[in-house]
Structures are given as C-alpha cells and as structure tokens.
Amino acid sequence: MQAKVIVVGQGLAGTCLALRLWEEEIPFRIIDKGHESAASHVAAGLYNPITGKKMTLTWLADELFPELNKFYRRAEHILKESFFHEKPIYRPFLNYTEQNTWMGQSAEPRYADYIGAINDTSIVDDVKNSFGGITLKNAGFVDTAKFIAAARQFFIENELLISKAFDYSQLNIANEGVDFQGLQAEKIIFAEGNGVATNDLFNWLPFRPVKGEILYIKMQKSLSAIINRGVFVIPLGAQLYKVGATYNWKDLSDSTTNEARTELVNKLEALIEAPYDIVAQVSGVRPATKDRRPIIGHHPEYKNVWILNGLGAKGVSLAPFFSKMLLESINGSEVMPEVNISRFYALYHQS
C-alpha cells in the first residue's frame, strides 16, 4: 500500500487535517484505534471570541474565526451531518465597573465583529445577571463527538482509516519516506493528542496535559444563548445542557471525580437559578503545552516526520487554522514562530 501522507490519530486535530487532505486530493491513510474517553469526544466544543476573567480578545481571533466558520460548514457538506452550531454567548456582568468598562470598549473597532449587544439590566430569566451582560456574536459550539464519529465513518467507507493502535517499533524512517507495516508514504504526521507521551520521536516536547470534566444536565428552562460566567452552559436541545469545564494538571486519569462535580455544581448555582438534574459526568485529558501554544512542524532530525499537537482547550477554534498551516508548511511556507516546533529544538538536542 502507498499513500503520500500517513496521519496518526483521529481526534480533532487529525480529523481536521485528514479532511483537508481529502479536499486537496492528497492520498492519505489514518491510523487510529479509537478511544471513547479521548479529549475530543468529551470536549465542550465551544468557540468564543472573548475569553478569560479579563475578557480579552481570543488570540488570533481575526484569523481563526473566519477559517473555522468556512471549514466546519464544508465539513458538514462532505460528511452529510450537522454538528456546527452558531449560537450567541451571553456573559453576565459581575458589577457596575465591568458594565461601564464594556460600554466603553464596545466602541473600539477591534471588537466590532464580536460584540452583538450590551445590556445594563437583566435580560435572561433564571440567570443571575442583575447588572446586565454582554452578548457575543461569531460564537457557538461544535458537537465534537458527532463530528469525529461522522468523519470516522466517512474515512472507513472510503477505505482511508486503519483501525488499530500505532506500534512505534514498526515505523521505519528513511530519507525517501516512511514505512509502517508495509504502508509506505512520503511523510507521517502525528496528531495523536496525549498519545504523544509514548511517542519516542516527540515525547521530549514540553507538553502539560490537563484533565477536564463536564456535566450534562436536564433543565426545563429554555436558553437561546450559551451562558458563560465561571462555567459555560451550552443548550443542546430537548432541555439538555452541557456544563463545564474543570482544569486539573495533577490527576490525568480517565475517571470522573466528586471534586470536579462539586466545583461545577457550585459555579453553576452561582450562575443559574432554575432547578436542574445531573444526567451524566464525563472527563478527558487535553493535550496542552507549557506555553499554551500548539506545536507544529517537522522533527529536528527526520524531515519527513511531522507533528500537529498541543491544541489544548481551544482545539475547536485552533484545529481548522493550524491544520491548514501545517499543510502549507509542508509545501514550503513558514510556520509562525509562536507555534513552530523549532522553538523547542534545543530540548531535543539536550535530551
């Protein structure tokens, strides 16, 4: 068997990359065993232009958001599935100071594409927003589990996916290409998320994985927007909501915890006044990095061995843009310094 590219991993990064290869008619194969508790399957899927306690514009927002919008719409067409949901985010103000700050900042041109409205009084029943809040546009969520499942079925039907664990000992690397158990390709791209921990080619990189847990709740209250303050509350339909998320750098197991459940419940009840029932709790480990930036590029020694990883909690926003950047860099374009693997080459030589 021959392909131009082998992609290892079919999480969010690997799926976006493989769909771009399909669009560009580049022969490829994906190798992925499948793992229900992988971070991509339990991710919030939220894309949010203004984030954090200080409500700052998301890094590269003007580049990321137009690209993700186009990409996921094309992906829905290719996969014949609906998983991309544009939905405003409503963020309640904590006090008059925050309200006044955003009244002023909303006039700044850099926020024009992302601020829908600012209210100085409560506009959402059963949500604690006595100071009003800010409504963000160009926001929403991707149903990552549905996206990845639809893509997996598409790849299987087109005989592009090899459903098995990747055995690194079976990879042979030469100047002219790579060979994995008889599958030959010009390049191999590792987009394996936290699987990188067992990958001797790249486990020297400074990854800092972080576990996240989310709740699914049933609530009779019908919210038309995503509510985001301390936790996000995403309406999924049929009175079902996704609530999250936690961040834990110490416990990297797949199991859910009572501590995370308590944290989410406390934050939810500080935000929502309506009664609800918890119907599920799930967890996953995000492939994050110490400097909170993705890692893209080729191995310092093997120029035909590449990596796309470290997308962290904002994978839905980052994967379309940086999968495109990776393919462009294979064709000779430069990877931007902030995400280029070369920023860590010294660690490889030290190891």
# chains A, B, ... in the order shown; residues from 1 in each chain; ligands from 1
>>> closest_atom_pairs(of="range 96-160 of chain A", to="range 15-26 of chain A", cutoff="10 Å", atoms="only C-alpha atoms", output="Markdown table")
| residue | atom | partner | partner_atom | distance |
| --- | --- | --- | --- | --- |
| A:Phe147 | CA | A:Thr15 | CA | 8.7 |
| A:Ile148 | CA | A:Thr15 | CA | 6.8 |
| A:Ala149 | CA | A:Thr15 | CA | 9.9 |
| A:Ala151 | CA | A:Thr15 | CA | 6.9 |
| A:Arg152 | CA | A:Thr15 | CA | 8.1 |
| A:Phe154 | CA | A:Leu19 | CA | 9.9 |
| A:Phe155 | CA | A:Ala18 | CA | 8.9 |
| A:Leu160 | CA | A:Ala18 | CA | 9.4 |
>>> residues_around(residues="Val210 in chain A", least_positions_apart="5", cutoff="6 Å", atoms="only C-alpha atoms", output="PyMOL selection string")
chain A and resi 248-249+285-286
>>> residues_around(residues="range 219-235 of chain A", least_positions_apart="6", cutoff="8 Å", atoms="only C-alpha atoms", output="PyMOL selection string")
chain A and resi 87-92+126+140+241-245+264+267-268+271+274-277
>>> residues_around(residues="Tyr72 in chain A", least_positions_apart="2", cutoff="10 Å", atoms="only C-alpha atoms", output="PyMOL selection string")
chain A and resi 16+67-70+74-78+82-85+142+147+316+320
>>> write_last_selection(atoms="N, CA, C and O atoms", output="tab-separated table (two decimals), in the first residue's frame")
chain	number	residue	atom	x	y	z
A	16	CYS	N	-9.46	17.10	11.33
A	16	CYS	CA	-9.39	18.31	10.51
A	16	CYS	C	-8.30	18.20	9.45
A	16	CYS	O	-8.49	18.58	8.29
A	67	GLU	N	-11.84	31.26	9.45
A	67	GLU	CA	-11.40	29.97	8.95
A	67	GLU	C	-12.24	28.83	9.51
A	67	GLU	O	-12.65	27.92	8.78
A	68	LEU	N	-12.52	28.86	10.81
A	68	LEU	CA	-13.30	27.76	11.40
A	68	LEU	C	-14.71	27.76	10.84
A	68	LEU	O	-15.31	26.69	10.63
A	69	ASN	N	-15.27	28.93	10.61
A	69	ASN	CA	-16.62	29.00	10.06
A	69	ASN	C	-16.70	28.34	8.69
A	69	ASN	O	-17.59	27.51	8.43
A	70	LYS	N	-15.77	28.68	7.82
A	70	LYS	CA	-15.75	28.09	6.48
A	70	LYS	C	-15.47	26.59	6.54
A	70	LYS	O	-16.11	25.80	5.84
A	74	ARG	N	-17.98	23.41	5.37
A	74	ARG	CA	-17.59	22.48	4.30
A	74	ARG	C	-17.59	21.04	4.81
A	74	ARG	O	-18.01	20.11	4.11
A	75	ALA	N	-17.12	20.86	6.06
A	75	ALA	CA	-17.07	19.53	6.64
A	75	ALA	C	-18.47	18.94	6.78
A	75	ALA	O	-18.69	17.74	6.53
A	76	GLU	N	-19.44	19.77	7.18
A	76	GLU	CA	-20.82	19.29	7.27
A	76	GLU	C	-21.31	18.81	5.91
A	76	GLU	O	-22.01	17.79	5.80
A	77	HIS	N	-20.96	19.54	4.86
A	77	HIS	CA	-21.36	19.16	3.49
A	77	HIS	C	-20.71	17.84	3.08
A	77	HIS	O	-21.36	16.95	2.53
A	78	ILE	N	-19.42	17.70	3.35
A	78	ILE	CA	-18.70	16.48	2.98
A	78	ILE	C	-19.24	15.27	3.73
A	78	ILE	O	-19.46	14.20	3.16
A	82	SER	N	-24.87	17.28	10.66
A	82	SER	CA	-24.97	18.61	11.27
A	82	SER	C	-24.30	18.58	12.64
A	82	SER	O	-24.74	17.84	13.53
A	83	PHE	N	-23.24	19.36	12.82
A	83	PHE	CA	-22.53	19.41	14.10
A	83	PHE	C	-21.98	20.79	14.42
A	83	PHE	O	-21.44	21.02	15.49
A	84	PHE	N	-22.12	21.75	13.49
A	84	PHE	CA	-21.60	23.10	13.68
A	84	PHE	C	-22.76	24.02	14.03
A	84	PHE	O	-23.69	24.20	13.24
A	85	HIS	N	-22.72	24.60	15.22
A	85	HIS	CA	-23.86	25.37	15.72
A	85	HIS	C	-23.43	26.80	16.08
A	85	HIS	O	-22.74	27.01	17.08
A	142	VAL	N	-19.15	23.29	18.45
A	142	VAL	CA	-19.11	22.13	17.56
A	142	VAL	C	-19.38	20.89	18.39
A	142	VAL	O	-18.76	20.70	19.44
A	147	PHE	N	-19.03	15.10	15.17
A	147	PHE	CA	-18.11	15.43	14.09
A	147	PHE	C	-17.10	14.31	13.86
A	147	PHE	O	-16.91	13.83	12.74
A	316	VAL	N	-11.23	23.31	19.04
A	316	VAL	CA	-12.24	23.56	18.02
A	316	VAL	C	-11.90	24.82	17.22
A	316	VAL	O	-12.07	24.88	16.01
A	320	PRO	N	-8.88	23.97	12.65
A	320	PRO	CA	-9.00	24.31	11.22
A	320	PRO	C	-7.86	25.18	10.71
A	320	PRO	O	-7.28	24.91	9.65
>>> atom_distance(atom1="CA of Val339 in chain A", atom2="CA of Gly297 in chain A")
8.4 Å
>>> select_by_dssp(residues="range 54-253 of chain A", states="helix (DSSP H, G or I)", output="VMD selection string")
chain A and resid 61 to 79 96 to 105 109 to 111 144 to 157 168 to 170 193 to 198
>>> select_by_dssp(residues="range 198-308 of chain A", states="strand (DSSP E)", output="MDAnalysis selection string")
chainID A and resid 210:218 226:229 231:237 240:244 277:286 295:298 305:308
